[in-house]
Protein chains: 2
Amino acid sequence: MLDLDPRPLPQEGRIRAVIENVAPAVDGGRFPVKRVVGEEVRVEADCFTDGHDVVVCVLRWRRQGESTWRECEMLPAGNDRWRSSFRVDKLGGYVYTVTGWVDSFRSWQREFRRREDPADIRSAALAGAEIIDAIAQRAGPRDSIELRIWAARLRDAKDIEDIETCALDPVGTSLALRHPDRTFACDWPVEYAVTVDDARARYGSWYELFPRSTGTDGRHGTFDDVIERLPYVAGMGFDILYLPPIHPIGRIKRKGPNNTLSTADDDVGSPWAIGATEGGHDAIHPALGDVDGFRRLVAAARTHGIEIALDIAFQCAPDHPYVVAHPDWFRHRPDGSIQYAENPPKKYQDIYPFDFESPAWRSLWLELRAVVQHWIDEGVRIFRVDNPHTKAFSMWEWLIAEVKRKHPDAIFLAEAFTRPKVMHRLAKLGFTQSYTYFAWRNTKQELTEYFTELAQGDGREYFRPNVWPNTPDILTEYLQYGGRGAFIARIVLAATLCATYGIYGPAFELMDAAPREPGSEDYLDSEKYQLRRWDLARSDSLGDLIARLNQIRRENPALQSDWSLRFHATDNDAVICYSKKTGDNVVLAIVNTDPHHVQSCWTNLDLAELGIDTGNPFQMHELLTGARYLWQGPRNFVQLDPASAPAHVFRLRHKVRSEHDFDYFL
Amino acid sequence: MLDLDPRPLPQEGRIRAVIENVAPAVDGGRFPVKRVVGEEVRVEADCFTDGHDVVVCVLRWRRQGESTWRECEMLPAGNDRWRSSFRVDKLGGYVYTVTGWVDSFRSWQREFRRREDPADIRSAALAGAEIIDAIAQRAGPRDSIELRIWAARLRDAKDIEDIETCALDPVGTSLALRHPDRTFACDWPVEYAVTVDDARARYGSWYELFPRSTGTDGRHGTFDDVIERLPYVAGMGFDILYLPPIHPIGRIKRKGPNNTLSTADDDVGSPWAIGATEGGHDAIHPALGDVDGFRRLVAAARTHGIEIALDIAFQCAPDHPYVVAHPDWFRHRPDGSIQYAENPPKKYQDIYPFDFESPAWRSLWLELRAVVQHWIDEGVRIFRVDNPHTKAFSMWEWLIAEVKRKHPDAIFLAEAFTRPKVMHRLAKLGFTQSYTYFAWRNTKQELTEYFTELAQGDGREYFRPNVWPNTPDILTEYLQYGGRGAFIARIVLAATLCATYGIYGPAFELMDAAPREPGSEDYLDSEKYQLRRWDLARSDSLGDLIARLNQIRRENPALQSDWSLRFHATDNDAVICYSKKTGDNVVLAIVNTDPHHVQSCWTNLDLAELGIDTGNPFQMHELLTGARYLWQGPRNFVQLDPASAPAHVFRLRHKVRSEHDFDYFL
């Protein structure tokens with residue numbers, strides 16, 4: 001028998017209310033939940049006590065850095081669960097928690113209402129007067145007088161009916177409720193954090209292009225060429241223009257076209273091989289221009305309503321200045337050379353990764369923060385972070401917190417195509433958005449399962465998806481073999497399933513579908529290693545369709561958030577149907593996921609979810625074509641041809657007018 | 001903009017492994033999980049790191065009060081989840097936690113295996129030699145020498161094949177694995193507790209009787225009469241004999257037969273109205289005998305393999321000695337009188353509840369602990385706690401911890417028929433077992449849902465069900481109207497669905513089914529308020545059936561625990577089918593829940609769950625009758641007659657012999 005220490009009596013044994021299971025809570029409060037400015041945080045908790053007494057459960061919240069709590073009473077949601085919400089109006093951080101107590105006044109009044117025996121009622125009135133007097137002692141001078149008068153009236157009342165009326169007096173009651181006795185309140189010990197981001201964290205349309213391919217006549221493009229391209233990008237309705245790394249590109253071990261090892265003198269190299277004699281992560285590739293050119297671009301983009309997003313790729317070319325200045329930031333091989341990136345048998349000789357187990361980790365972290373701060377100081381607020389899952393998690397958590405402390409509008413998109421828990425960890429620790437598995441979710445079942453998880457799963461509190469049908473690294477087989485119908489289906493799915501999506505263009509709108517080799521997802525003649533010339537004026541470009549989709553996204557708030565996503569049944573496994581709803585705005589999309597054949601189906605709409613009365617017809621406004629249809633009930637016929645219109649995007653307009661709508665009908 | 005403090009660099013930034021989602025964990029570790037001596041605690045955790053390196057994840061555990069951790073490596077379970085388990089061999093408390101680290105040696109070896117380029121292999125061998133030398137520095141003198149020799153061999157090897165063989169040398173590898181570099185280990189910050197109870201906490205058959213009804217010729221029964229009754233109780237195979245309160249019964253406001261207010265002089269009163277001039281919670285009702293009689297009973301019961309369980313009802317009759325000695329432990333009405341129990345409009349004038357908001361709560365808690373300790377000192381270890389949900393949760397948590405600290409074999413059964421979260425809270429805070437909603441779960445669907453929740457839900461880590469088809473307060477409509485078939489169905493369900501069950505007898509085995517009034521669940525002429533005489537020798541008694549059931553429970557380990565419970569489909573909504581399995585022991589029960597009609601069905605057994613090969617017939621040994629059947633495949637026909645045999649309890653014996661079983665067949 002082990003001799004265990006006696007368990008001391010608690011400091012205060014009269015705390016009878018208990019609280020459990022406060023939600024939302026990410027890993028028990030270890031990480032914040034995420035919202036954007038203006039959203040609600042709906043909080044729930046279990047709260048109860050022993051016996052029959054009434055508990056009061058209160059939600060408390062405040063901005064981070066402020067000391068005063070705001071409070072509101074939570075409402076019962078059944079099964080001892082309580083619910084309330086608060087609005088986050090400002091960028092930055094909020095915290096919330098819950099407190100509860102056994103309320104003697106409310107318990108007394110509730111029991112009083114149930115009493116039947118006159119003797120009991122008289123006795124309970126006197127007990128109530130004592131409680132009210134106690135409240136008066138806590139209340140301020142003004143309320144105090146009124147409460148004392150009420151207690152005295154309750155003591156003096158003779159007639160049972162008078163006693164009953166007096167005990168439940170609404171004015172007295174509302175006064176008493178203002179001054180509850182919280183001496184024995186149960187304060188939940190955890191304060192949960194909320195990260196409040198800019199609205200752009202939730203909704204935006206991204207466009208990625210390689211600036212170096214924007215030059216005319218095969219010339220290396222510059223920032224000024226990108227400025228020339230802005231009307232084209234803005235014309236398609238994009239909000240964010242994301243540029244691959246704009247820094248000097250290493251010359252040592254530079255990769256040639258199609259990722260070959262031998263390079264010719266005029267090969268441009270991969271922008272992700274960062275750093276050369278001209279500078280590193282805070283420098284600009286001379287071929288693109290200089291810092292003034294970059295500033296002109298940022299400013300010009302803003303006039304088009306476009307934000308520039310930069311790439312953060314924390315890795316170095318062998319000729320990056322860091323390699324000489326800070327050799328201790330890298331791992332060394334036994335022969336003294338620096339270890340390049342590898343995942344045996346693959347080797348990436350043009351890339352030196354940082355060593356996050358270096359004894360010099362502190363100076364490394366501070367420098368990485370300085371890199372981000374440099375571009376923040378240049379007016380950039382949106383960062384697409386390259387392969388964050390190959391750098392230490394704790395570094396990201398610290399760096400993002402540090403940046404967002406001063407610049408809470410900063411957005412970090414994690415480009416981590418890796419295992420689910422790793423992707424979720426990055427989202428928890430601070431990444432604002434994440435790339436997803438969308439590119440490889442092509443069937444109705446895959447899409448339904450994945451987007452149900454994204455929109456309804458617990459992870460939605462911190463994991464904001466940003467879906468891309470293609471990237472410079474991802475040309476899926478679906479696009480390679482599906483033709484125009486596949487491109488249209490994928491862009492409609494991306495733009496309507498997810499409030500934030502992006503494409504890599506002009507490869508996408510021009511339907512570039514040639515892989516480097518069969519079975520590869522790499523583009524043939526990829527812009528990662530060479531310049532490309534694109535014929536933007538091609539008549540088959542999807543530019544107009546994309547412009548229409550982004551306009552629909554702007555005009556329909558339902559498409560600007562994700563949690564309302566619901567799937568509706570159809571009787572064809574190739575046809576997917578789903579809706580989003582924000583207030584009155586209801587959008588329903590139906591997409592043929594088969595790029596090769598005409599497919600038709602009968603829908604089985606969840607009308608309650610759509611806010612439609614079963615008996616009445618309703619108008620479906622097809623937003624891609626402008627056509628209007630009258631539908632009734634859950635079952636409606638749809639046919640979708642990949643060659644012409646593989647998708648419908650409907651807005652529910654209203655119920656259809658009938659004679660009942662005329663004033664004189666009644 | 002609020003000015004938030006800078007986020008400091010962490011103490012150690014090189015901890016690259018992360019741990020998440022350790023299970024089991026009750027409310028994030030706020031409460032312990034429960035096991036009995038000899039059981040396993042299976043622990044899971046997510047553990048991973050950035051990049052490709054190998055992580056090692058280790059389960060650590062120790063007994064509470066001991067300082068040395070035991071450890072074992074967890075095994076990967078897919079999706080970055082790790083799993084291991086440990087056995088709790090001793091009563092009391094254990095704690096467990098998880099740690100993980102990025103392992104440089106294993107990462108090196110794993111990458112080494114994948115290398116193809118000879119130059120790389122040579123370089124990697126040198127890098128490995130450095131790692132092995134570093135391990136040698138950590139290792140003790142003996143291992144150190146061998147490791148250094150290994151490193152030297154690795155450096156000196158010339159031929160590629162020799163290098164490869166040397167790098168993966170199994171002896172060297174196993175030495176190296178003994179001395180991992182845990183400098184940057186990620187220690188999960190929470191230590192989770194396990195409460196390890198006596199085996200009786202998991203498995204036992206309870207019998208409740210009123211000692212006062214055991215007298216012969218209508219005389220008030222005594223402890224010695226109960227001793228006379230022991231062979232009867234033991235003959236039915238019960239392990240625990242639970243007695244309602246044995247203390248002096250109050251005379252003030254004593255209740256008469258059928259809970260009437262007016263009492264005659266010879267009315268015996270309710271045993272739950274505790275305390276009179278003769279004493280309170282540590283005294284014995286003189287009509288039952290004295291402390292020597294009680295000791296005789298406890299000792300005699302033990303010779304029959306029976307433990308005596310006492311009732312803990314923390315409430316007082318108006319003439320309880322506490323009322324005069326400690327008036328501050330009670331709530332007072334404005335007229336100075338003590339507030340009796342009430343739930344308006346209901347009143348319980350014979351009961352004074354304790355006031356857990358009393359300023360004197362400390363002395364009250366200490367006294368309540370002393371009451372339990374008094375009966376512990378008399379050799380009692382099992383307590384059925386009356387209405388624990390009407391006393392402060394924090395008091396129970398402290399009291400049970402205090403008692404179990406010295407007497408870890410103590411068992412507390414919570415008699416809380418109340419809302420689910422309140423019942424779960426009591427289980428979390430320390431109650432060993434809990435009454436359940438079983439009495440009101442009568443249909444196949446109700447039983448399936450409820451017992452799936454009990455056996456498979458998260459609550460099973462702390463909530464141990466103890467199911468009763470009847471209690472002195474609960475005579476269900478199912479029993480009132482269902483006749484003998486209903487009693488048999490309910491006792492078979494109780495005894496086979498749940499490792500711990502109980503009945504209130506002799507009312508149950510004699511099928512007492514008369515309610516005080518229609519619509520009531522109270523017994524007519526309830527023993528709670530009067531003596532009853534029972535004809536134990538009645539030929540229709542269910543005693544023999546119960547004896548058989550309890551014998552089956554003893555002989556079949558499958559029925560002595562709950563987590564293996566699985567339901568199997570039948571094509572009749574009135575017939576429920578389920579199995580339990582422990583090692584080779586597999587029991588399958590099929591019960592007709594319709595007490596009025598013969599019901600038949602085809603089963604659809606989950607053969608994999610039962611451990612049966614689809615192709616072979618198997619023998620079903622019906623344990624109630626001894627009959628043996630040959631079944632094959634999932635579909636088998638069963639017919640159950642409530643008038644004769646409403647239930648089957650089968651033991652799967654083995655696959656049936658065929659010519660293949662003869663030696664000469666091959």
# chains A, B, ... in the order shown; residues from 1 in each chain; ligands from 1
call {"tool": "interface_residues", "arguments": {"of": "chain B", "to": "chain A", "cutoff": "8 Å", "atoms": "only C-alpha atoms", "output": "JSON, numbers by chain"}}
result
{"B": [2, 3, 4, 6, 7, 9, 13, 14, 15, 16, 20, 21, 27, 28, 48, 49, 50, 51, 52, 64, 65, 66, 79, 80, 111, 112, 114, 115, 116, 117, 123, 126, 127, 333, 334, 335, 343, 344, 345, 356, 357, 358, 361, 362, 389, 390, 391, 392, 393, 394, 395, 398, 401, 402, 405, 406, 419, 420, 421, 422]}
call {"tool": "residues_around", "arguments": {"residues": "Gly204 (chain B)", "least_positions_apart": "2", "cutoff": "6 Å", "atoms": "only C-alpha atoms", "output": "list in words"}}
result
Arg200, Asp239 and Thr500 of chain B
call {"tool": "closest_residue", "arguments": {"among": "A:Arg533, A:Arg35, A:His320, A:Arg381", "to": "Ile306 (chain A)", "atoms": "only C-alpha atoms"}}
result
A:Arg381
call {"tool": "atom_distance", "arguments": {"atom1": "CA of Ile132 (chain B)", "atom2": "CA of Phe354 (chain A)"}}
result
23.0 Å
call {"tool": "residues_around", "arguments": {"residues": "Pro257 (chain B)", "least_positions_apart": "2", "cutoff": "6 Å", "atoms": "only C-alpha atoms", "output": "PyMOL selection string"}}
result
chain B and resi 259-260+529-530
call {"tool": "write_last_selection", "arguments": {"atoms": "N, CA and C atoms", "output": "PDB file, in the first residue's frame"}}
result
ATOM      1  N   ASN B 259     -46.667   5.220   2.340  1.00  0.00           N
ATOM      2  CA  ASN B 259     -46.201   6.611   2.365  1.00  0.00           C
ATOM      3  C   ASN B 259     -47.252   7.586   2.869  1.00  0.00           C
ATOM      4  N   THR B 260     -48.134   7.100   3.748  1.00  0.00           N
ATOM      5  CA  THR B 260     -49.147   7.993   4.301  1.00  0.00           C
ATOM      6  C   THR B 260     -48.519   8.865   5.393  1.00  0.00           C
ATOM      7  N   TYR B 529     -42.060   1.171   3.889  1.00  0.00           N
ATOM      8  CA  TYR B 529     -42.842   1.726   5.003  1.00  0.00           C
ATOM      9  C   TYR B 529     -43.432   0.669   5.926  1.00  0.00           C
ATOM     10  N   GLN B 530     -43.264  -0.603   5.606  1.00  0.00           N
ATOM     11  CA  GLN B 530     -43.872  -1.638   6.440  1.00  0.00           C
ATOM     12  C   GLN B 530     -43.119  -2.951   6.255  1.00  0.00           C
TER      13      GLN B 530
END
call {"tool": "select_by_dssp", "arguments": {"residues": "region 292-366 of chain A", "states": "strand (DSSP E or B)", "output": "number ranges by chain"}}
result
A: 307-312, 315-316, 332, 338, 341-343, 346-348, 352-353
call {"tool": "residues_around", "arguments": {"residues": "Val298 (chain B)", "least_positions_apart": "5", "cutoff": "12 Å", "atoms": "only C-alpha atoms", "output": "PyMOL selection string"}}
result
chain B and resi 223-224+226-227+230+240-243+291-293+303-310+375-376+378-382
call {"tool": "write_last_selection", "arguments": {"atoms": "N, CA and C atoms", "output": "PDB file, in the first residue's frame"}}
result
ATOM      1  N   PHE B 223     -30.534  -8.850  12.288  1.00  0.00           N
ATOM      2  CA  PHE B 223     -29.342  -9.299  11.559  1.00  0.00           C
ATOM      3  C   PHE B 223     -29.227 -10.822  11.594  1.00  0.00           C
ATOM      4  N   ASP B 224     -29.630 -11.403  12.711  1.00  0.00           N
ATOM      5  CA  ASP B 224     -29.530 -12.863  12.780  1.00  0.00           C
ATOM      6  C   ASP B 224     -30.514 -13.533  11.823  1.00  0.00           C
ATOM      7  N   VAL B 226     -31.247 -12.245   9.001  1.00  0.00           N
ATOM      8  CA  VAL B 226     -30.590 -12.104   7.695  1.00  0.00           C
ATOM      9  C   VAL B 226     -29.536 -13.196   7.537  1.00  0.00           C
ATOM     10  N   ILE B 227     -28.851 -13.506   8.627  1.00  0.00           N
ATOM     11  CA  ILE B 227     -27.873 -14.604   8.560  1.00  0.00           C
ATOM     12  C   ILE B 227     -28.567 -15.899   8.139  1.00  0.00           C
ATOM     13  N   LEU B 230     -29.029 -16.035   4.444  1.00  0.00           N
ATOM     14  CA  LEU B 230     -27.849 -16.042   3.563  1.00  0.00           C
ATOM     15  C   LEU B 230     -27.779 -17.256   2.629  1.00  0.00           C
ATOM     16  N   ILE B 240     -23.207  -9.803  -3.666  1.00  0.00           N
ATOM     17  CA  ILE B 240     -23.310  -8.629  -2.811  1.00  0.00           C
ATOM     18  C   ILE B 240     -24.728  -8.570  -2.271  1.00  0.00           C
ATOM     19  N   LEU B 241     -24.817  -8.427  -0.971  1.00  0.00           N
ATOM     20  CA  LEU B 241     -26.131  -8.283  -0.339  1.00  0.00           C
ATOM     21  C   LEU B 241     -26.230  -6.846   0.163  1.00  0.00           C
ATOM     22  N   TYR B 242     -27.114  -6.087  -0.465  1.00  0.00           N
ATOM     23  CA  TYR B 242     -27.220  -4.666  -0.134  1.00  0.00           C
ATOM     24  C   TYR B 242     -28.419  -4.453   0.788  1.00  0.00           C
ATOM     25  N   LEU B 243     -28.159  -3.806   1.905  1.00  0.00           N
ATOM     26  CA  LEU B 243     -29.194  -3.522   2.894  1.00  0.00           C
ATOM     27  C   LEU B 243     -29.564  -2.047   2.863  1.00  0.00           C
ATOM     28  N   VAL B 291     -24.275  -3.830  17.285  1.00  0.00           N
ATOM     29  CA  VAL B 291     -23.100  -3.870  16.444  1.00  0.00           C
ATOM     30  C   VAL B 291     -22.524  -5.283  16.372  1.00  0.00           C
ATOM     31  N   ASP B 292     -22.679  -6.048  17.444  1.00  0.00           N
ATOM     32  CA  ASP B 292     -22.181  -7.423  17.382  1.00  0.00           C
ATOM     33  C   ASP B 292     -22.970  -8.234  16.362  1.00  0.00           C
ATOM     34  N   GLY B 293     -24.272  -8.021  16.334  1.00  0.00           N
ATOM     35  CA  GLY B 293     -25.100  -8.705  15.339  1.00  0.00           C
ATOM     36  C   GLY B 293     -24.663  -8.340  13.935  1.00  0.00           C
ATOM     37  N   THR B 303     -18.520 -15.996   4.685  1.00  0.00           N
ATOM     38  CA  THR B 303     -18.370 -17.446   4.537  1.00  0.00           C
ATOM     39  C   THR B 303     -19.206 -17.957   3.360  1.00  0.00           C
ATOM     40  N   HIS B 304     -20.204 -17.198   2.958  1.00  0.00           N
ATOM     41  CA  HIS B 304     -20.990 -17.559   1.779  1.00  0.00           C
ATOM     42  C   HIS B 304     -20.469 -16.869   0.517  1.00  0.00           C
ATOM     43  N   GLY B 305     -19.336 -16.196   0.618  1.00  0.00           N
ATOM     44  CA  GLY B 305     -18.815 -15.472  -0.554  1.00  0.00           C
ATOM     45  C   GLY B 305     -19.587 -14.209  -0.852  1.00  0.00           C
ATOM     46  N   ILE B 306     -20.252 -13.693   0.153  1.00  0.00           N
ATOM     47  CA  ILE B 306     -21.087 -12.499  -0.052  1.00  0.00           C
ATOM     48  C   ILE B 306     -20.529 -11.317   0.734  1.00  0.00           C
ATOM     49  N   GLU B 307     -20.458 -10.166   0.070  1.00  0.00           N
ATOM     50  CA  GLU B 307     -20.100  -8.919   0.755  1.00  0.00           C
ATOM     51  C   GLU B 307     -21.376  -8.164   1.109  1.00  0.00           C
ATOM     52  N   ILE B 308     -21.374  -7.568   2.297  1.00  0.00           N
ATOM     53  CA  ILE B 308     -22.503  -6.725   2.693  1.00  0.00           C
ATOM     54  C   ILE B 308     -22.271  -5.309   2.159  1.00  0.00           C
ATOM     55  N   ALA B 309     -23.274  -4.760   1.465  1.00  0.00           N
ATOM     56  CA  ALA B 309     -23.214  -3.365   1.019  1.00  0.00           C
ATOM     57  C   ALA B 309     -24.191  -2.548   1.842  1.00  0.00           C
ATOM     58  N   LEU B 310     -23.726  -1.414   2.322  1.00  0.00           N
ATOM     59  CA  LEU B 310     -24.599  -0.545   3.108  1.00  0.00           C
ATOM     60  C   LEU B 310     -25.054   0.661   2.296  1.00  0.00           C
ATOM     61  N   TRP B 375     -18.100   2.847   9.003  1.00  0.00           N
ATOM     62  CA  TRP B 375     -18.553   1.555   8.450  1.00  0.00           C
ATOM     63  C   TRP B 375     -17.419   0.822   7.738  1.00  0.00           C
ATOM     64  N   ILE B 376     -16.479   1.597   7.210  1.00  0.00           N
ATOM     65  CA  ILE B 376     -15.253   0.975   6.690  1.00  0.00           C
ATOM     66  C   ILE B 376     -14.571   0.219   7.831  1.00  0.00           C
ATOM     67  N   GLU B 378     -15.901  -1.082  10.272  1.00  0.00           N
ATOM     68  CA  GLU B 378     -16.692  -2.277  10.587  1.00  0.00           C
ATOM     69  C   GLU B 378     -16.563  -3.332   9.484  1.00  0.00           C
ATOM     70  N   GLY B 379     -15.692  -3.080   8.522  1.00  0.00           N
ATOM     71  CA  GLY B 379     -15.433  -4.111   7.511  1.00  0.00           C
ATOM     72  C   GLY B 379     -16.242  -3.952   6.237  1.00  0.00           C
ATOM     73  N   VAL B 380     -17.046  -2.900   6.157  1.00  0.00           N
ATOM     74  CA  VAL B 380     -17.835  -2.694   4.942  1.00  0.00           C
ATOM     75  C   VAL B 380     -16.974  -2.001   3.889  1.00  0.00           C
ATOM     76  N   ARG B 381     -17.079  -2.443   2.643  1.00  0.00           N
ATOM     77  CA  ARG B 381     -16.304  -1.825   1.570  1.00  0.00           C
ATOM     78  C   ARG B 381     -17.197  -1.352   0.417  1.00  0.00           C
ATOM     79  N   ILE B 382     -18.459  -1.746   0.456  1.00  0.00           N
ATOM     80  CA  ILE B 382     -19.345  -1.419  -0.664  1.00  0.00           C
ATOM     81  C   ILE B 382     -20.485  -0.558  -0.146  1.00  0.00           C
TER      82      ILE B 382
END
call {"tool": "atom_distance", "arguments": {"atom1": "CA of Thr448 (chain A)", "atom2": "CA of Gln639 (chain A)"}}
result
20.0 Å
call {"tool": "residues_around", "arguments": {"residues": "Asn442 (chain A)", "least_positions_apart": "2", "cutoff": "10 Å", "atoms": "only C-alpha atoms", "output": "PyMOL selection string"}}
result
chain A and resi 438-440+444-448+476+478+486+489-490+493+574+593-594
call {"tool": "atom_distance", "arguments": {"atom1": "CA of Phe238 (chain B)", "atom2": "CA of Val587 (chain B)"}}
result
20.2 Å
call {"tool": "residues_around", "arguments": {"residues": "Leu610 (chain B)", "least_positions_apart": "6", "cutoff": "10 Å", "atoms": "only C-alpha atoms", "output": "list in words"}}
result
Arg566, Ser579, Lys580, Lys581, Asp584, Asn585, Val586, Val587, Leu588 and Leu652 of chain B
call {"tool": "write_last_selection", "arguments": {"atoms": "all heavy atoms", "output": "mmCIF file, in the first residue's frame"}}
result
data_model
loop_
_atom_site.group_PDB
_atom_site.id
_atom_site.type_symbol
_atom_site.label_atom_id
_atom_site.label_comp_id
_atom_site.auth_asym_id
_atom_site.auth_seq_id
_atom_site.Cartn_x
_atom_site.Cartn_y
_atom_site.Cartn_z
ATOM 1 N N ARG B 566 -21.607 -6.561 -28.388
ATOM 2 C CA ARG B 566 -21.960 -6.216 -29.768
ATOM 3 C C ARG B 566 -23.359 -6.732 -30.059
ATOM 4 O O ARG B 566 -23.694 -7.852 -29.676
ATOM 5 C CB ARG B 566 -21.005 -6.868 -30.775
ATOM 6 C CG ARG B 566 -19.578 -6.371 -30.737
ATOM 7 C CD ARG B 566 -19.422 -4.931 -31.182
ATOM 8 N NE ARG B 566 -18.029 -4.529 -31.166
ATOM 9 C CZ ARG B 566 -17.344 -4.205 -30.060
ATOM 10 N NH1 ARG B 566 -17.941 -4.221 -28.879
ATOM 11 N NH2 ARG B 566 -16.077 -3.862 -30.132
ATOM 12 N N SER B 579 -23.851 -10.314 -28.285
ATOM 13 C CA SER B 579 -22.802 -11.215 -27.825
ATOM 14 C C SER B 579 -21.810 -10.466 -26.959
ATOM 15 O O SER B 579 -21.706 -9.248 -27.001
ATOM 16 C CB SER B 579 -22.067 -11.828 -29.021
ATOM 17 O OG SER B 579 -21.386 -10.822 -29.737
ATOM 18 N N LYS B 580 -21.092 -11.270 -26.166
ATOM 19 C CA LYS B 580 -19.930 -10.770 -25.438
ATOM 20 C C LYS B 580 -18.833 -11.804 -25.585
ATOM 21 O O LYS B 580 -19.104 -13.001 -25.709
ATOM 22 C CB LYS B 580 -20.260 -10.566 -23.958
ATOM 23 C CG LYS B 580 -21.097 -9.333 -23.672
ATOM 24 C CD LYS B 580 -21.256 -9.154 -22.166
ATOM 25 C CE LYS B 580 -21.740 -7.768 -21.817
ATOM 26 N NZ LYS B 580 -21.746 -7.580 -20.341
ATOM 27 N N LYS B 581 -17.597 -11.319 -25.562
ATOM 28 C CA LYS B 581 -16.477 -12.196 -25.862
ATOM 29 C C LYS B 581 -15.303 -11.818 -24.973
ATOM 30 O O LYS B 581 -14.967 -10.647 -24.847
ATOM 31 C CB LYS B 581 -16.108 -12.009 -27.337
ATOM 32 C CG LYS B 581 -15.049 -12.940 -27.842
ATOM 33 C CD LYS B 581 -14.958 -12.900 -29.369
ATOM 34 C CE LYS B 581 -14.263 -11.644 -29.847
ATOM 35 N NZ LYS B 581 -13.910 -11.705 -31.280
ATOM 36 N N ASP B 584 -11.364 -16.823 -25.639
ATOM 37 C CA ASP B 584 -12.103 -17.867 -26.348
ATOM 38 C C ASP B 584 -13.562 -17.943 -25.946
ATOM 39 O O ASP B 584 -14.351 -18.620 -26.586
ATOM 40 C CB ASP B 584 -11.488 -19.247 -26.031
ATOM 41 C CG ASP B 584 -10.152 -19.409 -26.707
ATOM 42 O OD1 ASP B 584 -9.873 -18.637 -27.642
ATOM 43 O OD2 ASP B 584 -9.393 -20.310 -26.293
ATOM 44 N N ASN B 585 -13.880 -17.319 -24.836
ATOM 45 C CA ASN B 585 -15.229 -17.457 -24.311
ATOM 46 C C ASN B 585 -16.180 -16.492 -25.020
ATOM 47 O O ASN B 585 -16.031 -15.273 -24.927
ATOM 48 C CB ASN B 585 -15.201 -17.172 -22.801
ATOM 49 C CG ASN B 585 -16.552 -17.389 -22.145
ATOM 50 O OD1 ASN B 585 -17.117 -16.465 -21.570
ATOM 51 N ND2 ASN B 585 -17.088 -18.594 -22.247
ATOM 52 N N VAL B 586 -17.155 -17.064 -25.729
ATOM 53 C CA VAL B 586 -18.109 -16.245 -26.469
ATOM 54 C C VAL B 586 -19.521 -16.624 -26.056
ATOM 55 O O VAL B 586 -19.894 -17.802 -26.114
ATOM 56 C CB VAL B 586 -17.962 -16.441 -27.997
ATOM 57 C CG1 VAL B 586 -18.909 -15.523 -28.744
ATOM 58 C CG2 VAL B 586 -16.528 -16.210 -28.429
ATOM 59 N N VAL B 587 -20.277 -15.629 -25.599
ATOM 60 C CA VAL B 587 -21.661 -15.871 -25.192
ATOM 61 C C VAL B 587 -22.566 -15.037 -26.081
ATOM 62 O O VAL B 587 -22.284 -13.868 -26.358
ATOM 63 C CB VAL B 587 -21.865 -15.504 -23.705
ATOM 64 C CG1 VAL B 587 -23.342 -15.566 -23.333
ATOM 65 C CG2 VAL B 587 -21.051 -16.437 -22.820
ATOM 66 N N LEU B 588 -23.639 -15.660 -26.531
ATOM 67 C CA LEU B 588 -24.607 -14.969 -27.379
ATOM 68 C C LEU B 588 -25.980 -15.128 -26.737
ATOM 69 O O LEU B 588 -26.392 -16.253 -26.435
ATOM 70 C CB LEU B 588 -24.612 -15.589 -28.781
ATOM 71 C CG LEU B 588 -25.531 -14.911 -29.795
ATOM 72 C CD1 LEU B 588 -24.734 -13.933 -30.650
ATOM 73 C CD2 LEU B 588 -26.230 -15.914 -30.697
ATOM 74 N N LEU B 652 -20.871 -20.344 -27.434
ATOM 75 C CA LEU B 652 -20.304 -20.929 -28.642
ATOM 76 C C LEU B 652 -19.268 -21.944 -28.218
ATOM 77 O O LEU B 652 -18.261 -21.590 -27.608
ATOM 78 C CB LEU B 652 -19.615 -19.850 -29.487
ATOM 79 C CG LEU B 652 -20.420 -19.371 -30.691
ATOM 80 C CD1 LEU B 652 -21.521 -18.451 -30.225
ATOM 81 C CD2 LEU B 652 -19.510 -18.696 -31.679
#
call {"tool": "residues_around", "arguments": {"residues": "Ala193 (chain A)", "least_positions_apart": "4", "cutoff": "10 Å", "atoms": "only C-alpha atoms", "output": "MDAnalysis selection string"}}
result
chainID A and resid 24:26 29:34 61:64 93:97
